[in-house]
Amino acid sequence: MIDPRTLRDDPDVVRASQRARGEDEGVVDKLLSLDSRRRSSIAAANTLRAEQKSLGKLVPKAQGDERAALLAKAKDLAAQVKAAEVEQTEASEEFEQLHRVVPNLVHPDAPEGGEDDFVVLKHVGEPKKFDFKPKDHLELCEGLGALDMERGAKVSGSRFYFLTGIGAQLQLGLLNMAIAQASANGFTPMITPTLVRPEIMAGTGFLGAHSSEVYRLRDDDLYLVGTSEVPLAGYHADEILDLGDGAKRYAGWSSCYRREAGSYGKDTRGIIRVHQFDKVEMFVYTRPEDAEAEHARLLDWEEQMLAKIEVPYRVIDTATGDLGTSAYRKFDCEAWVPSQEAYRELTSTSNCTTFQARRLGIRYRDEDGRPQTVATLNGTLATTRWIVAILENHQLEDGSVRVPEALRPFLGGTEVLTPTSK
């Protein structure tokens with residue numbers, strides 16, 4: 001949730017953020033009205049409780065008619081307190097319900113607009129010019145014996161698959177390389193749960209506008225995660241963290257599940273857009289004043305991983321209308337995919353400021369020992385989709401694939417993947 005103090009002290013900032021996101025700015029006035037009602041009801045209830053407490057001290061000392069009058073007043077006051085507490089609860093719940101719907105503020109430098117209004121910050125590397133017609137990743141995988149889409153569909157339905165042989169080894173090698181890099185940079189490796197409780201999923205902001213993307217197990221009241229960001233955010237829910245030695249950094253390895261609602265007919269070939277994939281995700285808890293610098297570090301770590309797989313890519317500053325509920329600012333790295341002659345997202349890193357932590361009750365103590373809300377950030381280090389970019393960019397004319405040098409130790413020193421069939 002956004003900071004209520006920002007709402008009260010600078011509502012125009014919230015209005016501007018809502019406009020930039022393409023959201024209703026009228027919600028700000030509704031929130032201000034509900035906040036005023038909530039605070040008034042709290043003050044009224046506190047006043048009545050204080051009066052009730054004072055009266056309670058007088059009754060034992062009174063006698064006769066005075067005692068009877070005080071008891072009558074106490075009874076009336078008790079009814080007023082009960083009514084005030086009901087009003088306080090209702091006002092607080094109405095404010096909380098609407099407050100949770102409002103997305104995070106946006107960074108003033110984030111480009112405004114929708115999905116196609118991103119700003120390209122830089123290009124790294126040049127797309128390779130092949131002297132033969134390049135195959136797409138599905139053709140390459142079939143030749144290498146790396147992927148079985150047909151049996152994936154037979155077992156689980158469309159957009160499911162089996163990674164087989166070298167395909168499984170390639171994913172494991174890639175994700176192990178990501179874990180090795182994360183560990184070398186002070187991240188704690190984590191194997192995370194892939195089922196989470198509703199309050200954790202809601203706390204990270206994934207049950208708002210994008211709830212249709214989430215798989216739900218209704219009988220168990222649990223959700224399948226689309227990223228280990230969710231369990232990692234919930235890991236310290238309702239805790240006060242010690243950030244005296246700096247940020248807490250975790251690297252979560254998990255399977256991820258996305259319904260891909262509304263994407264029928266888009267990227268149905270191969271493993272670009274699927275319902276299940278594996279990912280290593282960086283997640284950071286830090287002081288709010290350090291969040292922007294940490295965001296830059298996360299982007300740098302992502303670029304270090306991309307350099308290891310030796311593919312051309314670009315970095316984009318995501319537009320405000322495409323940030324998602326929790327992000328204040330988001331940078332994506334998109335790799336060149338030769339068969340599509342287009343850049344496709346491989347990594348994403350978001351600064352969520354205090355938005356998620358406020359919902360999940362995660363705090364730290366400042367220099368004066370007072371609890372303050374932490375900032376959270378996340379960033380991709382590797383996913384199943386990276387296989388697409390690796391195979392297509394490093395393919396040879398006979399369908400074999402050169403293994404990027406940094407990845408070779410994680411594939412037993414293999415330098416070239418050779419087709420099992422021609």
# chains A, B, ... in the order shown; residues from 1 in each chain; ligands from 1
>>> closest_atom_pairs(of="stretch 157-257 of chain A", to="stretch 93-102 of chain A", cutoff="10 Å", atoms="only C-alpha atoms", output="Markdown table")
| residue | atom | partner | partner_atom | distance |
| --- | --- | --- | --- | --- |
| A:Ala202 | CA | A:Arg100 | CA | 9.1 |
| A:Gly203 | CA | A:Arg100 | CA | 9.0 |
| A:Gly205 | CA | A:Arg100 | CA | 8.7 |
| A:Leu207 | CA | A:Val101 | CA | 9.7 |
| A:Gly208 | CA | A:Val101 | CA | 7.0 |
| A:Ala209 | CA | A:Val101 | CA | 9.0 |
>>> select_by_dssp(residues="stretch 85-191 of chain A", states="strand (DSSP E)", output="PyMOL selection string")
chain A and resi 119-124+147-148+162-163+188-191
>>> write_last_selection(atoms="C-alpha atoms", output="PDB file, in the first residue's frame")
ATOM      1  CA  VAL A 119      12.084   3.880 -23.520  1.00  0.00           C
ATOM      2  CA  VAL A 120      15.166   2.004 -24.721  1.00  0.00           C
ATOM      3  CA  LEU A 121      18.043   2.905 -22.410  1.00  0.00           C
ATOM      4  CA  LYS A 122      20.793   1.045 -24.282  1.00  0.00           C
ATOM      5  CA  HIS A 123      21.662  -1.739 -26.704  1.00  0.00           C
ATOM      6  CA  VAL A 124      24.418  -4.259 -25.952  1.00  0.00           C
ATOM      7  CA  LEU A 147      12.192 -30.828 -25.799  1.00  0.00           C
ATOM      8  CA  ASP A 148       8.954 -32.795 -26.164  1.00  0.00           C
ATOM      9  CA  PHE A 162       9.034 -32.000 -21.176  1.00  0.00           C
ATOM     10  CA  LEU A 163      12.641 -30.790 -21.211  1.00  0.00           C
ATOM     11  CA  THR A 188      21.394 -16.490   0.216  1.00  0.00           C
ATOM     12  CA  PRO A 189      20.193 -19.296  -2.106  1.00  0.00           C
ATOM     13  CA  MET A 190      16.651 -20.478  -1.375  1.00  0.00           C
ATOM     14  CA  ILE A 191      14.436 -23.278  -2.683  1.00  0.00           C
TER      15      ILE A 191
END
>>> closest_residue(among="A:Gly270, A:Pro193, A:Pro288, A:Gly252", to="A:Phe160", atoms="only C-alpha atoms")
A:Gly270
>>> residues_around(residues="A:Val374", least_positions_apart="4", cutoff="6 Å", atoms="only C-alpha atoms", output="PDB file with all heavy atoms, in the first residue's frame")
ATOM      1  N   THR A 286      15.598  -3.783   1.930  1.00  0.00           N
ATOM      2  CA  THR A 286      16.580  -2.741   2.237  1.00  0.00           C
ATOM      3  C   THR A 286      15.879  -1.505   2.799  1.00  0.00           C
ATOM      4  O   THR A 286      14.647  -1.419   2.827  1.00  0.00           O
ATOM      5  CB  THR A 286      17.397  -2.376   0.975  1.00  0.00           C
ATOM      6  OG1 THR A 286      18.512  -1.569   1.351  1.00  0.00           O
ATOM      7  CG2 THR A 286      16.550  -1.624  -0.047  1.00  0.00           C
ATOM      8  N   ARG A 287      16.678  -0.556   3.256  1.00  0.00           N
ATOM      9  CA  ARG A 287      16.127   0.717   3.729  1.00  0.00           C
ATOM     10  C   ARG A 287      15.590   1.496   2.524  1.00  0.00           C
ATOM     11  O   ARG A 287      16.205   1.470   1.446  1.00  0.00           O
ATOM     12  CB  ARG A 287      17.204   1.544   4.433  1.00  0.00           C
ATOM     13  CG  ARG A 287      17.719   0.905   5.718  1.00  0.00           C
ATOM     14  CD  ARG A 287      18.937   1.652   6.247  1.00  0.00           C
ATOM     15  NE  ARG A 287      19.482   1.018   7.434  1.00  0.00           N
ATOM     16  CZ  ARG A 287      19.189   1.403   8.682  1.00  0.00           C
ATOM     17  NH1 ARG A 287      18.381   2.432   8.876  1.00  0.00           N
ATOM     18  NH2 ARG A 287      19.702   0.768   9.708  1.00  0.00           N
ATOM     19  N   THR A 354       8.139   0.742  -0.491  1.00  0.00           N
ATOM     20  CA  THR A 354       7.588   0.152   0.737  1.00  0.00           C
ATOM     21  C   THR A 354       6.215  -0.475   0.508  1.00  0.00           C
ATOM     22  O   THR A 354       5.551  -0.878   1.465  1.00  0.00           O
ATOM     23  CB  THR A 354       7.471   1.219   1.838  1.00  0.00           C
ATOM     24  OG1 THR A 354       6.613   2.279   1.371  1.00  0.00           O
ATOM     25  CG2 THR A 354       8.832   1.799   2.195  1.00  0.00           C
ATOM     26  N   ARG A 363       9.198  -4.638   8.752  1.00  0.00           N
ATOM     27  CA  ARG A 363       9.805  -3.381   9.195  1.00  0.00           C
ATOM     28  C   ARG A 363      11.264  -3.592   9.616  1.00  0.00           C
ATOM     29  O   ARG A 363      11.744  -4.716   9.687  1.00  0.00           O
ATOM     30  CB  ARG A 363       8.997  -2.795  10.348  1.00  0.00           C
ATOM     31  CG  ARG A 363       7.539  -2.449   9.974  1.00  0.00           C
ATOM     32  CD  ARG A 363       6.745  -1.961  11.160  1.00  0.00           C
ATOM     33  NE  ARG A 363       6.570  -3.009  12.170  1.00  0.00           N
ATOM     34  CZ  ARG A 363       6.097  -2.804  13.392  1.00  0.00           C
ATOM     35  NH1 ARG A 363       5.760  -1.573  13.781  1.00  0.00           N
ATOM     36  NH2 ARG A 363       5.952  -3.810  14.234  1.00  0.00           N
TER      37      ARG A 363
END
>>> residues_around(residues="stretch 388-405 of chain A", least_positions_apart="6", cutoff="8 Å", atoms="only C-alpha atoms", output="short mmCIF file (atom, residue, chain, number, x, y, z; two decimals) with C-alpha atoms, in the first residue's frame")
data_model
loop_
_atom_site.label_atom_id
_atom_site.label_comp_id
_atom_site.auth_asym_id
_atom_site.auth_seq_id
_atom_site.Cartn_x
_atom_site.Cartn_y
_atom_site.Cartn_z
CA LYS A 128 24.31 -11.87 -35.66
CA PHE A 132 22.09 -19.55 -43.62
CA PRO A 134 18.36 -19.76 -38.89
CA LYS A 135 16.05 -22.28 -37.25
CA ASP A 136 13.75 -21.34 -34.43
CA HIS A 137 14.30 -22.77 -30.96
CA LEU A 140 16.70 -26.76 -32.75
CA GLY A 143 17.04 -31.86 -33.45
CA LEU A 144 18.94 -31.91 -30.16
CA ILE A 271 8.55 -22.41 -24.80
CA ILE A 272 8.38 -18.63 -25.04
CA LYS A 308 27.66 -14.87 -19.74
CA ILE A 309 25.26 -16.27 -22.34
CA GLU A 310 26.69 -13.93 -25.02
CA VAL A 311 23.46 -12.71 -26.62
CA ALA A 335 17.37 -10.49 -25.81
CA TRP A 336 17.42 -10.69 -29.59
CA VAL A 337 15.53 -13.71 -30.94
CA PRO A 338 16.71 -14.33 -34.54
CA SER A 339 13.70 -16.37 -35.69
CA THR A 414 30.57 -29.37 -23.33
CA GLU A 415 31.48 -26.88 -26.05
CA VAL A 416 28.95 -27.82 -28.73
CA LEU A 417 25.51 -29.42 -28.49
CA THR A 418 25.16 -31.91 -31.32
CA PRO A 419 21.88 -32.99 -32.93
CA LYS A 422 19.30 -34.55 -38.76
#
